[in-house]
>>> print(open('input11.cif').read())   # mmCIF, C-alpha atoms
data_my_file
loop_
_atom_site.label_atom_id
_atom_site.label_comp_id
_atom_site.auth_asym_id
_atom_site.auth_seq_id
_atom_site.Cartn_x
_atom_site.Cartn_y
_atom_site.Cartn_z
CA MET W 1 35.58 -10.84 -86.15
CA GLU W 2 36.02 -7.21 -85.19
CA GLU W 3 33.14 -7.55 -82.72
CA ALA W 4 34.72 -10.64 -81.16
CA VAL W 5 38.08 -8.95 -80.83
CA GLY W 6 36.42 -5.87 -79.38
CA LEU W 7 34.92 -8.05 -76.66
CA THR W 8 38.19 -9.85 -76.03
CA ARG W 9 40.23 -6.69 -75.66
CA ARG W 10 37.94 -5.43 -72.90
CA VAL W 11 38.68 -8.46 -70.78
CA VAL W 12 41.64 -7.57 -68.59
CA ALA W 13 43.21 -11.00 -68.23
CA VAL W 14 45.90 -10.30 -65.66
CA PHE W 15 47.28 -13.38 -63.94
CA ALA W 16 49.02 -12.41 -60.67
CA LEU W 17 50.92 -15.12 -58.78
CA THR W 18 51.46 -14.49 -55.07
CA LEU W 19 52.72 -16.55 -52.16
CA ALA W 20 51.10 -16.99 -48.78
CA GLY W 21 54.45 -17.48 -47.02
CA LEU W 22 55.88 -20.58 -45.43
CA VAL W 23 52.60 -22.11 -44.39
CA ALA W 24 51.50 -25.73 -44.43
CA PHE W 25 49.52 -26.69 -47.52
CA SER W 26 47.99 -30.15 -47.09
CA ALA W 27 46.86 -32.51 -49.83
CA THR W 28 43.34 -32.23 -48.43
CA THR W 29 43.31 -28.52 -49.27
CA ILE W 30 44.57 -29.28 -52.77
CA ALA W 31 41.79 -31.84 -53.14
CA PHE W 32 39.16 -29.29 -52.16
CA ASP W 33 40.53 -26.82 -54.72
CA LEU W 34 40.78 -29.55 -57.36
CA ARG W 35 37.09 -30.44 -56.98
CA SER W 36 36.15 -26.78 -57.35
CA LEU W 37 38.42 -26.32 -60.38
CA SER W 38 37.04 -29.44 -62.05
CA ARG W 39 33.47 -28.14 -61.65
CA SER W 40 34.34 -24.69 -63.01
CA GLY W 41 36.27 -26.18 -65.93
CA ILE W 42 33.38 -28.47 -66.81
CA LEU W 43 30.88 -25.62 -66.63
CA HIS W 44 33.06 -23.40 -68.81
CA ALA W 45 33.77 -25.97 -71.48
CA GLY W 46 30.29 -27.43 -71.47
CA GLY W 47 28.84 -24.03 -72.29
CA SER W 48 31.10 -23.31 -75.24
CA GLY W 49 28.53 -24.53 -77.74
CA GLY W 50 30.35 -26.79 -80.14
CA GLY W 51 33.33 -24.75 -81.21
CA GLY W 52 31.80 -21.29 -80.82
CA GLY W 53 34.36 -18.71 -79.81
CA LEU W 54 37.36 -20.34 -81.52
CA LEU W 55 39.38 -17.87 -83.57
CA ALA W 56 39.64 -18.19 -87.33
CA ALA W 57 43.08 -18.94 -88.72
CA GLY W 58 45.34 -15.92 -88.38
CA VAL W 59 47.36 -13.85 -85.91
CA TYR W 60 45.78 -11.89 -83.07
CA HIS W 61 47.43 -9.48 -80.68
CA ASN W 62 45.91 -7.96 -77.54
CA SER W 63 47.60 -5.76 -74.97
CA ASN W 64 46.49 -3.44 -72.23
CA VAL W 65 47.88 -1.35 -69.42
CA SER W 66 45.50 -0.62 -66.57
CA ALA W 67 45.64 1.54 -63.45
CA SER W 68 42.98 1.83 -60.77
CA PHE W 69 42.32 2.89 -57.20
CA PHE W 70 39.58 3.49 -54.68
CA ALA W 71 39.81 6.58 -52.46
CA CYS W 72 37.91 7.46 -49.32
CA CYS W 73 37.38 9.73 -47.44
CA GLY W 74 38.08 13.46 -47.67
CA SER W 75 38.55 15.71 -44.67
CA ASP W 76 34.77 16.00 -44.46
CA GLY W 77 34.55 12.20 -44.18
CA GLY W 78 32.04 11.89 -47.00
CA THR W 79 33.90 11.82 -50.34
CA GLN W 80 34.56 8.60 -52.26
CA VAL W 81 36.24 8.14 -55.63
CA GLN W 82 36.76 5.08 -57.85
CA LEU W 83 38.96 5.42 -60.93
CA ASP W 84 39.90 2.77 -63.52
CA VAL W 85 41.99 3.64 -66.58
CA THR W 86 42.85 1.11 -69.29
CA HIS W 87 44.85 1.54 -72.49
CA LEU W 88 43.50 -1.10 -74.89
CA ASP W 89 45.39 -2.06 -78.06
CA SER W 90 44.31 -4.98 -80.27
CA THR W 91 44.89 -6.20 -83.81
CA ALA W 92 43.13 -9.05 -85.60
CA ASN W 93 44.81 -10.33 -88.76
CA PRO W 94 42.83 -13.36 -90.01
CA THR W 95 44.22 -15.36 -92.91
CA VAL W 96 41.01 -14.66 -94.80
CA GLY W 97 39.50 -11.21 -94.47
CA PRO W 98 40.65 -7.70 -93.59
CA THR W 99 42.92 -6.72 -90.70
CA THR W 100 41.17 -4.75 -87.97
CA SER W 101 42.65 -2.88 -85.04
CA THR W 102 41.60 -0.78 -82.08
CA ASP W 103 43.65 1.52 -79.87
CA GLU W 104 41.90 3.53 -77.16
CA ILE W 105 42.13 4.71 -73.56
CA ASP W 106 39.03 4.11 -71.43
CA VAL W 107 38.57 6.21 -68.29
CA ASN W 108 35.91 4.84 -65.94
CA PHE W 109 35.16 7.09 -62.97
CA SER W 110 32.77 7.37 -60.06
CA ALA W 111 32.69 10.14 -57.43
CA SER W 112 30.26 10.85 -54.62
CA ASP W 113 29.85 13.11 -51.59
CA PHE W 114 27.67 11.71 -48.82
CA PHE W 115 26.97 15.11 -47.27
CA THR W 116 26.03 17.12 -50.36
CA GLY W 117 24.36 14.26 -52.22
CA PHE W 118 26.65 14.78 -55.22
CA PHE W 119 27.15 11.74 -57.45
CA ALA W 120 28.81 11.45 -60.85
CA ASN W 121 29.95 8.50 -62.89
CA GLY W 122 30.67 7.45 -66.42
CA CYS W 123 33.21 6.05 -68.85
CA ILE W 124 34.90 8.13 -71.55
CA ILE W 125 37.39 7.39 -74.33
CA ALA W 126 40.27 9.84 -74.00
CA ASP W 127 40.75 12.13 -77.01
CA ARG W 128 44.55 11.84 -76.99
CA ALA W 129 46.89 8.88 -76.58
CA SER W 130 49.17 11.09 -74.47
CA ASP W 131 46.47 11.58 -71.83
CA PHE W 132 47.58 8.37 -70.06
CA THR W 133 51.27 7.54 -69.70
CA VAL W 134 53.14 4.76 -67.88
CA ASN W 135 56.90 4.53 -67.41
CA PRO W 136 58.73 1.42 -68.75
CA MET W 137 59.40 0.07 -65.24
CA MET W 138 55.67 0.05 -64.41
CA SER W 139 56.37 2.05 -61.26
CA PHE W 140 54.54 5.29 -62.17
CA ALA W 141 51.48 6.25 -64.22
CA GLN W 142 49.77 9.55 -64.89
CA LEU W 143 46.38 10.60 -66.28
CA ASN W 144 45.66 14.15 -67.47
CA THR W 145 42.53 14.26 -69.59
CA THR W 146 40.03 16.91 -70.61
CA VAL W 147 36.52 15.72 -71.43
CA LEU W 148 34.80 17.85 -74.07
CA PRO W 149 31.21 17.70 -75.38
CA SER W 150 32.68 15.90 -78.44
CA THR W 151 34.54 13.28 -76.37
CA ARG W 152 33.20 9.78 -76.98
CA THR W 153 31.80 7.68 -74.16
CA CYS W 154 32.36 3.94 -73.76
CA ALA W 155 29.75 2.01 -75.79
CA GLY W 156 27.86 5.28 -76.22
CA GLN W 157 26.64 5.25 -72.62
CA PRO W 158 25.67 8.65 -71.14
CA LEU W 159 27.52 10.39 -68.32
CA ASN W 160 25.64 10.78 -65.04
CA GLY W 161 25.77 13.79 -62.75
CA VAL W 162 28.39 15.72 -64.71
CA THR W 163 28.42 17.70 -67.98
CA PRO W 164 31.49 18.41 -70.15
CA PRO W 165 33.80 20.17 -70.25
CA PHE W 166 35.68 18.89 -67.20
CA THR W 167 39.13 17.54 -66.34
CA ILE W 168 40.36 14.45 -64.49
CA ASN W 169 43.93 14.16 -63.22
CA ALA W 170 45.54 11.28 -61.33
CA THR W 171 48.90 9.70 -60.56
CA TRP W 172 49.95 6.24 -59.43
CA SER W 173 53.25 5.60 -57.62
CA MET W 174 54.02 1.95 -56.92
CA SER W 175 56.16 1.16 -53.90
CA VAL W 176 57.41 -2.30 -54.94
CA SER W 177 58.78 -3.81 -58.13
CA PRO W 178 56.08 -5.39 -60.29
CA GLY W 179 55.61 -9.15 -60.26
CA GLN W 180 55.89 -10.80 -63.67
CA SER W 181 54.55 -13.95 -65.25
CA THR W 182 54.77 -15.57 -68.68
CA SER W 183 52.98 -18.52 -70.23
CA VAL W 184 52.78 -20.45 -73.48
CA SER W 185 49.52 -22.32 -74.16
CA THR W 186 48.45 -24.60 -76.96
CA TYR W 187 45.00 -25.78 -78.01
CA SER W 188 44.17 -28.43 -80.57
CA CYS W 189 41.06 -30.12 -81.92
CA GLY W 190 41.30 -32.18 -85.08
CA SER W 191 43.34 -30.24 -87.65
CA TYR W 192 42.78 -26.92 -85.83
CA SER W 193 45.32 -25.50 -83.36
CA THR W 194 46.32 -22.31 -81.58
CA THR W 195 49.47 -21.21 -79.80
CA THR W 196 49.12 -18.39 -77.28
CA GLN W 197 52.02 -16.46 -75.74
CA SER W 198 51.13 -14.27 -72.76
CA LYS W 199 53.09 -11.93 -70.52
CA SER W 200 51.85 -9.90 -67.58
CA SER W 201 53.36 -7.72 -64.89
CA GLY W 202 52.04 -5.43 -62.21
CA SER W 203 51.78 -4.36 -58.63
CA PHE W 204 48.96 -3.67 -56.19
CA ASN W 205 51.01 -1.88 -53.55
CA GLY W 206 51.28 1.87 -54.04
CA SER W 207 49.78 5.33 -53.56
CA ALA W 208 47.71 7.60 -55.77
CA THR W 209 46.51 11.17 -56.13
CA PHE W 210 43.31 12.42 -57.75
CA SER W 211 41.63 15.67 -58.73
CA ALA W 212 38.62 16.51 -60.91
CA SER W 213 37.24 19.89 -61.85
CA PHE W 214 33.68 18.77 -61.10
CA LEU W 215 34.50 17.66 -57.54
CA ASN W 216 34.40 20.56 -55.08
CA SER W 217 34.53 18.34 -51.98
CA PRO W 218 37.82 17.78 -50.14
CA GLN W 219 40.01 15.45 -52.17
CA PRO W 220 40.24 12.02 -50.49
CA PRO W 221 43.54 10.26 -49.96
CA ALA W 222 44.08 6.94 -51.71
CA PHE W 223 42.54 4.32 -49.46
CA GLY W 224 43.14 1.01 -51.15
CA GLY W 225 43.13 -1.02 -54.33
CA VAL W 226 45.98 0.95 -55.90
CA ASP W 227 46.84 -1.23 -58.91
CA LEU W 228 49.05 -0.90 -61.97
CA PHE W 229 49.16 -3.82 -64.41
CA SER W 230 50.10 -4.67 -67.97
CA PHE W 231 49.14 -7.64 -70.12
CA ASP W 232 50.31 -8.69 -73.59
CA GLN W 233 49.09 -11.68 -75.59
CA THR W 234 49.65 -13.02 -79.11
CA VAL W 235 47.60 -15.87 -80.58
CA HIS W 236 48.53 -17.84 -83.72
CA ALA W 237 45.58 -19.89 -85.02
CA GLN W 238 45.87 -22.48 -87.80
CA GLY W 239 43.47 -24.73 -89.67
CA VAL W 240 39.70 -25.09 -89.45
CA ALA W 241 38.02 -26.46 -86.33
CA PRO W 242 35.79 -29.50 -86.92
CA ALA W 243 32.16 -29.13 -85.90
CA GLY W 244 31.62 -29.71 -82.19
CA CYS W 245 35.06 -28.62 -80.91
CA ILE W 246 34.75 -27.30 -77.37
CA LEU W 247 36.63 -24.53 -75.58
CA LEU W 248 39.13 -25.46 -72.90
CA GLY W 249 41.50 -23.51 -70.67
CA GLY W 250 38.87 -21.38 -68.94
CA LYS W 251 38.57 -20.44 -65.30
CA GLY W 252 40.40 -22.84 -63.07
CA SER W 253 42.90 -24.14 -65.61
CA GLY W 254 45.79 -22.67 -63.68
CA GLY W 255 45.49 -25.01 -60.70
CA PRO W 256 45.33 -24.27 -56.96
CA GLY W 257 46.19 -20.88 -55.52
CA ALA W 258 49.01 -19.70 -53.24
CA GLN W 259 51.23 -22.51 -51.94
CA ALA W 260 54.21 -22.92 -49.65
CA PRO W 261 57.56 -23.58 -51.39
CA GLY W 262 57.70 -27.13 -52.69
CA ASP W 263 56.36 -29.42 -55.41
CA TYR W 264 52.70 -30.14 -56.16
CA ASN W 265 51.04 -32.59 -58.54
CA SER W 266 47.42 -33.33 -59.35
CA SER W 267 45.45 -35.36 -61.85
CA SER W 268 41.73 -35.85 -62.28
CA MET W 269 39.10 -37.35 -64.56
CA SER W 270 35.60 -35.93 -64.51
CA ALA W 271 32.16 -36.26 -66.03
CA SER W 272 29.18 -33.95 -65.78
CA MET W 273 25.53 -33.96 -66.77
CA SER W 274 22.28 -32.13 -66.10
CA VAL W 275 19.33 -34.08 -64.70
CA GLN W 276 15.75 -32.82 -65.01
CA PRO W 277 13.61 -34.24 -62.14
CA ASP W 278 10.28 -35.91 -62.87
CA ASP W 279 8.66 -33.27 -60.66
CA PRO W 280 8.20 -30.30 -63.04
CA THR W 281 8.27 -27.85 -60.13
CA GLN W 282 11.91 -28.74 -59.37
CA GLN W 283 14.93 -27.14 -60.99
CA PRO W 284 17.52 -29.36 -62.76
CA PHE W 285 20.39 -30.97 -60.86
CA SER W 286 23.97 -30.54 -62.08
CA VAL W 287 25.81 -33.82 -61.45
CA PHE W 288 29.61 -33.89 -61.30
CA VAL W 289 31.77 -36.97 -60.77
CA THR W 290 35.49 -36.42 -60.16
CA SER W 291 38.18 -38.99 -59.49
CA PHE W 292 41.48 -37.39 -58.50
CA THR W 293 44.93 -37.93 -57.05
CA SER W 294 46.89 -35.04 -55.56
CA SER W 295 50.22 -34.79 -53.79
CA ALA W 296 51.93 -32.00 -51.87
CA HIS W 297 55.60 -31.93 -50.89
CA PRO W 298 56.38 -28.62 -49.14
CA VAL W 299 60.05 -27.92 -48.50
CA GLY W 300 61.16 -29.47 -45.19
CA ARG W 301 57.95 -31.46 -44.75
CA PRO W 302 56.95 -35.01 -45.66
CA MET W 303 54.97 -35.63 -48.84
CA SER W 304 51.22 -36.12 -48.48
CA THR W 305 49.02 -37.79 -51.08
CA GLN W 306 45.27 -38.14 -51.44
CA THR W 307 43.25 -40.24 -53.87
CA GLU W 308 39.47 -39.83 -53.90
CA THR W 309 36.34 -40.11 -56.03
CA ASP W 310 33.58 -37.56 -55.36
CA LEU W 311 29.97 -37.19 -56.40
CA ASP W 312 28.73 -33.59 -56.42
CA LEU W 313 25.11 -32.50 -56.77
CA LEU W 314 24.28 -28.86 -57.38
CA GLN W 315 20.74 -27.47 -57.65
CA PHE W 316 19.77 -23.82 -58.10
CA SER W 317 16.26 -22.88 -57.02
CA PHE W 318 14.64 -19.46 -56.94
CA PHE W 319 15.48 -18.91 -53.28
CA GLN W 320 18.43 -21.16 -52.45
CA VAL W 321 21.34 -23.21 -53.75
CA THR W 322 21.81 -26.83 -52.67
CA GLN W 323 25.32 -28.23 -53.01
CA ASP W 324 26.09 -31.71 -51.68
CA CYS W 325 29.16 -33.94 -52.08
CA TRP W 326 29.91 -37.55 -51.12
CA VAL W 327 33.09 -39.64 -51.27
CA ILE W 328 32.17 -42.74 -53.28
CA PRO W 329 34.02 -46.01 -54.00
CA PRO W 330 36.50 -45.66 -56.90
CA ALA W 331 34.91 -48.60 -58.73
CA ASP W 332 31.61 -46.72 -59.00
CA PHE W 333 33.02 -44.41 -61.71
CA SER W 334 35.11 -45.17 -64.79
CA LEU W 335 36.27 -43.01 -67.70
CA ALA W 336 38.05 -44.27 -70.83
CA SER W 337 41.48 -42.72 -71.34
CA ASP W 338 40.49 -41.61 -74.85
CA LEU W 339 37.33 -39.93 -73.45
CA HIS W 340 34.95 -41.89 -75.67
CA THR W 341 32.81 -43.20 -72.80
CA ALA W 342 32.26 -43.15 -69.02
CA THR W 343 29.98 -44.94 -66.56
CA LEU W 344 28.60 -44.21 -63.10
CA ASN W 345 26.81 -46.71 -60.87
CA VAL W 346 26.59 -45.33 -57.34
CA SER W 347 24.45 -45.94 -54.26
CA ILE W 348 24.37 -43.28 -51.54
CA ASP W 349 23.14 -44.08 -48.03
CA THR W 350 23.30 -42.57 -44.56
CA ILE W 351 26.81 -43.89 -43.91
CA THR W 352 28.36 -42.65 -47.15
CA PRO W 353 31.01 -40.10 -46.06
CA ALA W 354 30.62 -36.45 -47.04
CA CYS W 355 33.42 -34.65 -48.86
CA GLN W 356 35.82 -32.53 -46.83
CA PHE W 357 34.39 -29.09 -45.97
CA THR W 358 30.86 -30.21 -46.99
CA THR W 359 27.66 -30.40 -44.96
CA ASN W 360 25.08 -32.27 -47.04
CA THR W 361 21.47 -31.11 -46.83
CA GLY W 362 19.84 -32.89 -49.79
CA PRO W 363 18.67 -36.50 -50.24
CA SER W 364 20.64 -39.02 -48.17
CA VAL W 365 19.59 -42.36 -49.76
CA PHE W 366 19.50 -42.79 -53.53
CA THR W 367 21.12 -44.47 -56.53
CA ILE W 368 22.27 -43.04 -59.87
CA SER W 369 23.22 -45.02 -62.96
CA ALA W 370 24.50 -43.23 -66.06
CA THR W 371 26.55 -43.73 -69.20
CA TRP W 372 28.34 -40.98 -71.15
CA ASN W 373 29.26 -41.32 -74.85
CA ALA W 374 31.41 -38.66 -76.52
CA THR W 375 29.75 -36.73 -79.36
CA SER W 376 32.56 -34.34 -80.35
CA PRO W 377 36.22 -34.50 -81.29
CA VAL W 378 38.57 -34.50 -78.29
CA ALA W 379 40.03 -31.06 -77.60
CA ASN W 380 43.40 -30.64 -75.88
CA PHE W 381 44.83 -27.66 -74.01
CA SER W 382 48.22 -27.27 -72.32
CA THR W 383 50.01 -24.43 -70.55
CA ASN W 384 53.61 -23.89 -69.48
CA SER W 385 53.80 -20.91 -67.13
CA HIS W 386 56.44 -19.06 -65.12
CA GLY W 387 55.52 -16.46 -62.51
CA CYS W 388 56.69 -14.91 -59.29
CA HIS W 389 58.61 -17.83 -57.71
CA VAL W 390 56.13 -20.26 -59.32
CA SER W 391 56.40 -22.44 -62.43
CA GLY W 392 53.96 -25.01 -63.65
CA VAL W 393 52.72 -27.22 -66.45
CA SER W 394 49.11 -28.26 -66.98
CA GLN W 395 47.26 -30.36 -69.55
CA GLN W 396 43.54 -30.73 -70.15
CA SER W 397 41.53 -32.88 -72.55
CA GLY W 398 37.78 -32.68 -72.98
CA ALA W 399 34.87 -33.75 -75.13
CA ALA W 400 31.17 -33.05 -75.33
CA ALA W 401 28.97 -36.06 -74.65
CA THR W 402 25.45 -37.43 -74.35
CA ALA W 403 24.54 -38.88 -70.95
CA VAL W 404 21.70 -41.36 -70.40
CA GLY W 405 20.61 -43.19 -67.27
CA SER W 406 18.23 -43.11 -64.31
CA TRP W 407 17.92 -41.73 -60.79
CA PRO W 408 15.04 -43.68 -59.19
CA GLY W 409 12.78 -41.47 -57.12
CA THR W 410 14.08 -38.31 -58.80
CA ALA W 411 14.41 -38.86 -62.55
CA THR W 412 12.99 -41.99 -64.18
CA SER W 413 15.02 -41.28 -67.31
CA ILE W 414 18.14 -39.16 -67.71
CA ILE W 415 18.92 -37.73 -71.15
CA ASP W 416 21.43 -34.88 -71.45
CA THR W 417 22.89 -34.04 -74.86
CA ASN W 418 25.13 -31.32 -73.39
CA ALA W 419 27.16 -33.47 -71.00
CA PHE W 420 30.93 -33.29 -70.72
CA LEU W 421 34.01 -35.50 -70.16
CA ASN W 422 37.33 -34.14 -68.91
CA ILE W 423 40.86 -35.23 -67.91
CA THR W 424 43.41 -32.86 -66.32
CA ASN W 425 47.00 -33.11 -65.10
CA SER W 426 49.13 -30.40 -63.51
CA THR W 427 52.48 -29.95 -61.77
CA SER W 428 53.86 -26.86 -60.07
CA HIS W 429 57.11 -25.90 -58.38
CA VAL W 430 57.22 -23.06 -55.86
CA THR W 431 60.51 -21.51 -54.69
CA PRO W 432 60.97 -19.44 -51.50
CA GLY W 433 60.57 -15.69 -51.59
CA GLY W 434 57.93 -13.08 -52.22
CA CYS W 435 56.94 -10.75 -55.05
#
>>> encode(input="input11.cif", output="structure tokens")
Amino acid sequence: MEEAVGLTRRVVAVFALTLAGLVAFSATTIAFDLRSLSRSGILHAGGSGGGGGLLAAGVYHNSNVSASFFACCGSDGGTQVQLDVTHLDSTANPTVGPTTSTDEIDVNFSASDFFTGFFANGCIIADRASDFTVNPMMSFAQLNTTVLPSTRTCAGQPLNGVTPPFTINATWSMSVSPGQSTSVSTYSCGSYSTTTQSKSSGSFNGSATFSASFLNSPQPPAFGGVDLFSFDQTVHAQGVAPAGCILLGGKGSGGPGAQAPGDYNSSSMSASMSVQPDDPTQQPFSVFVTSFTSSAHPVGRPMSTQTETDLDLLQFSFFQVTQDCWVIPPADFSLASDLHTATLNVSIDTITPACQFTTNTGPSVFTISATWNATSPVANFSTNSHGCHVSGVSQQSGAAATAVGSWPGTATSIIDTNAFLNITNSTSHVTPGGC
């Protein structure tokens, strides 16, 4: 468990909500994002491996404060510096087993001088908690650390181009108030459940200063990427997950990106499978079927709605990636509301329309027939979030499945025991203003 928590605490999960201004956001754009999010969600959940990664019953707390910047170039035009500092604090308190905790400050640095050929980089764990301080308003941060021969490095990795002792000093001054977001998420599968409360705040608009005793080149001004963020999360896990429970709520669960003020709704049902061609020299195809409805009602504009069913084919080869998408008749795909089964019977020809923003390059005439049957308990995930002028609710249900079928001319027989079924719904409300 300590190893799992150690991995989790190094993931800086900062969710920043920003607005693009009062711009038109059509339902077609939402549809394009929804297809992409469905694919990423399927890939994430399908790879979870039957419940792997779910926390044991207990209480888990993770928090971090991070500051970073990239600086270029000094008065000689050749000096570049990248600095990332993160204060990591985590505690795992499982119902069964000992409590473990970690509290450390990681300083990841890279400095180079184009003219002298100097290059140094590495990651150290600061010897003192006071080496990195941040004020309560998240408007100012300061690093003053001395690296000694006894100072630990991150994961025991060696330093490059520099030998202790040396010092690193930096400041961050943010010019705008930090944006804030909060969310409450729940996950359930059988008798197992988790409740996750998250809070984040931060800003990426500011200035920074930097000095290091090993860098004799002119000190560069802060050029960009001046960030200061904090993240705090508590997870309460209960029960024991039945065998086969899948992970949900991965990348893409938050819905589309920046939107104009207004109300947005989307729902989708999806199925995925991997198809191994009869030709052993070909790489597998990833097949995604998504039926969705999305609506957008920006303030002062009429509501737009789109309903569509898409067939996506994705193939990775050694030298290229083929990604094709067609709009297919809704009757060609069906998915039971309880996720126990799904069917696909589709025929693609030269007049089948391509999906928006897609130029198809693969096969243009073919048929695919497939049936999915769930092989795991249904997992459910929901999130209620509030951010910078944005609030939203999303729900997702998913199950692992076995897919069987045929793709004449490509795969005489389809058998995939790692297929996936998925249903999502989301609503969001955006108010005017900026962060």
>>> closest_residue(input="input11.cif", among="W:Thr410, W:Gln396, W:Thr151, W:Asn422", to="W:Ser188", atoms="only C-alpha atoms")
W:Gln396
>>> resolve_selection(input="input11.cif", expression="the PyMOL selection byres ((chain W and resi 56-63) around 6)", output="PDB file with C-alpha atoms, in the coordinates of the input")
ATOM      1  CA  LEU W  55      39.380 -17.870 -83.570  1.00  0.00           C
ATOM      2  CA  ASN W  64      46.490  -3.440 -72.230  1.00  0.00           C
ATOM      3  CA  ASP W  89      45.390  -2.060 -78.060  1.00  0.00           C
ATOM      4  CA  SER W  90      44.310  -4.980 -80.270  1.00  0.00           C
ATOM      5  CA  THR W  91      44.890  -6.200 -83.810  1.00  0.00           C
ATOM      6  CA  ALA W  92      43.130  -9.050 -85.600  1.00  0.00           C
ATOM      7  CA  ASN W  93      44.810 -10.330 -88.760  1.00  0.00           C
ATOM      8  CA  PRO W  94      42.830 -13.360 -90.010  1.00  0.00           C
ATOM      9  CA  THR W  95      44.220 -15.360 -92.910  1.00  0.00           C
ATOM     10  CA  PHE W 231      49.140  -7.640 -70.120  1.00  0.00           C
ATOM     11  CA  ASP W 232      50.310  -8.690 -73.590  1.00  0.00           C
ATOM     12  CA  GLN W 233      49.090 -11.680 -75.590  1.00  0.00           C
ATOM     13  CA  THR W 234      49.650 -13.020 -79.110  1.00  0.00           C
ATOM     14  CA  VAL W 235      47.600 -15.870 -80.580  1.00  0.00           C
ATOM     15  CA  HIS W 236      48.530 -17.840 -83.720  1.00  0.00           C
ATOM     16  CA  ALA W 237      45.580 -19.890 -85.020  1.00  0.00           C
ATOM     17  CA  GLN W 238      45.870 -22.480 -87.800  1.00  0.00           C
ATOM     18  CA  GLY W 239      43.470 -24.730 -89.670  1.00  0.00           C
TER      19      GLY W 239
END
>>> resolve_selection(input="input11.cif", expression="the PyMOL selection byres ((chain W and resi 289) around 9)", output="PyMOL selection string")
chain W and resi 269-272+287-288+290-291+309-313+333+344
>>> resolve_selection(input="input11.cif", expression="the PyMOL selection byres ((chain W and resi 203) around 8)", output="ChimeraX atom specification")
/W:174,176-179,201-202,204-206,227-229
>>> residues_around(input="input11.cif", residues="W:Thr307", least_positions_apart="6", cutoff="9 Å", atoms="all atoms listed in the file", output="MDAnalysis selection string")
chainID W and resid 31 291:295
>>> build_atoms(input="input11.cif", residues="stretch 233-244 of chain W", atoms="N, CA and C atoms", output="short mmCIF file (atom, residue, chain, number, x, y, z; two decimals), in the frame of the given file")
data_model
loop_
_atom_site.label_atom_id
_atom_site.label_comp_id
_atom_site.auth_asym_id
_atom_site.auth_seq_id
_atom_site.Cartn_x
_atom_site.Cartn_y
_atom_site.Cartn_z
N GLN W 233 49.39 -10.32 -75.13
CA GLN W 233 49.09 -11.68 -75.59
C GLN W 233 49.06 -11.73 -77.11
N THR W 234 49.68 -12.77 -77.67
CA THR W 234 49.65 -13.02 -79.11
C THR W 234 49.16 -14.44 -79.36
N VAL W 235 48.19 -14.57 -80.26
CA VAL W 235 47.60 -15.87 -80.58
C VAL W 235 47.83 -16.16 -82.05
N HIS W 236 48.40 -17.34 -82.35
CA HIS W 236 48.53 -17.84 -83.72
C HIS W 236 47.55 -18.99 -83.89
N ALA W 237 46.59 -18.85 -84.78
CA ALA W 237 45.58 -19.89 -85.02
C ALA W 237 45.79 -20.46 -86.42
N GLN W 238 45.66 -21.80 -86.53
CA GLN W 238 45.87 -22.48 -87.80
C GLN W 238 44.77 -23.50 -88.04
N GLY W 239 44.42 -23.69 -89.30
CA GLY W 239 43.47 -24.73 -89.67
C GLY W 239 42.02 -24.31 -89.46
N VAL W 240 41.14 -25.29 -89.63
CA VAL W 240 39.70 -25.09 -89.45
C VAL W 240 39.21 -26.09 -88.41
N ALA W 241 38.49 -25.60 -87.41
CA ALA W 241 38.02 -26.46 -86.33
C ALA W 241 36.87 -27.33 -86.82
N PRO W 242 36.93 -28.64 -86.58
CA PRO W 242 35.79 -29.50 -86.92
C PRO W 242 34.56 -29.11 -86.11
N ALA W 243 33.40 -29.42 -86.62
CA ALA W 243 32.16 -29.13 -85.90
C ALA W 243 32.17 -29.84 -84.55
N GLY W 244 31.74 -29.12 -83.52
CA GLY W 244 31.62 -29.71 -82.19
C GLY W 244 32.80 -29.47 -81.28
#
